[in-house]
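**Q** Here it is, the structure in full.
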Amino acid sequence: MTDPKVRFSDKVNDYVQFRPDYPDAVAELLLKRCAGGYQVADIGSGTGIFTRQLSSAGFSAVGIEPNDNMRSAALELVRPIIWQAALKPRHFHQALLI
């Protein structure tokens with residue numbers, strides 16, 4: 001098995017261009033079951049697709065991604081959305097990708 005810190009390093013552009021979002025129903029289901037101010041960790045968050053969706057749905061979302069290239073792409077793609085959403089009255093502060 002390839003080291004997860006480098007396994008997808010050469011696939012970042014493909015993820016950004018072609019990887020679809022997850023169905024909105026997933027975040028909606030989580031919201032129904034976890035009403036009110038929960039923090040959610042997106043483990044292996046890649047380019048931050050689900051982290052972004054969770055944050056947009058009102059969760060305090062934390063994306064955790066070991067691959068430097070994927071994490072860098074996530075920071076570029078997710079941070080503007082999180083800051084925009086943080087200006088709205090929601091149950092989260094911001095997403096943090098580490």
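If you're wondering about the labels, chains in the structure tokens are A, B, ... by order shown, residues count from 1 in each chain, ligands from 1 in order shown.
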Could you give me, as CSV, a per-residue list for segment 24-89 of chain A showing, wherever an atom lies at most 6 Å from an atom of segment 3-14 of chain A, the closest pair of atoms and their distance in Å to one decimal, using only C-alpha atoms and sorting by chain then residue number from low to high?
**A**
residue,atom,partner,partner_atom,distance
A:Pro66,CA,A:Lys5,CA,5.1
A:Asn67,CA,A:Lys5,CA,4.2
A:Asn69,CA,A:Ser9,CA,5.6
A:Met70,CA,A:Val12,CA,5.9
**Q** For the selection just defined, write its residues with C-alpha atoms to a file, as a PDB file, in the first residue's frame.
**A**
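In the end it all went to result_25.pdb:
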ATOM      1  CA  PRO A  66      -2.235  14.098   5.483  1.00  0.00           C
ATOM      2  CA  ASN A  67      -1.362  14.722   1.822  1.00  0.00           C
ATOM      3  CA  ASN A  69      -0.916  18.672  -2.176  1.00  0.00           C
ATOM      4  CA  MET A  70      -4.510  17.734  -1.406  1.00  0.00           C
TER       5      MET A  70
END
**Q** May I ask for the distance between atom CA of Lys32 of chain A and atom CA of Arg52 of chain A, given in Å to one decimal place?
**A**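 It comes out at 18.0 Å.
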**Q** For each of A:Ala73, A:Asp21, A:Tyr15, A:Glu65, take the minimum atom-to-atom distance to Ile49 of chain A, counting only C-alpha atoms, then give the residue where this is smallest.
**A** A:Asp21
**Q** Closest to Asp68 of chain A among A:Gln17, A:Ser56, A:Ser45, A:Thr51, using only C-alpha atoms?
**A**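 Answer, going by the shortest atom-to-atom distance: A:Ser45.
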**Q** Using only C-alpha atoms, which of A:Val78, A:Val62, A:Val16, A:Leu29 sits nearest Ile43 of chain A?
**A** A:Val62
**Q** Pick from A:Ser72, A:Ser60, A:Thr47, A:Gln53: nearest to Asp24 of chain A, with only C-alpha atoms counted?
**A**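 For Asp24 of chain A, the nearest of the candidates is A:Gln53.
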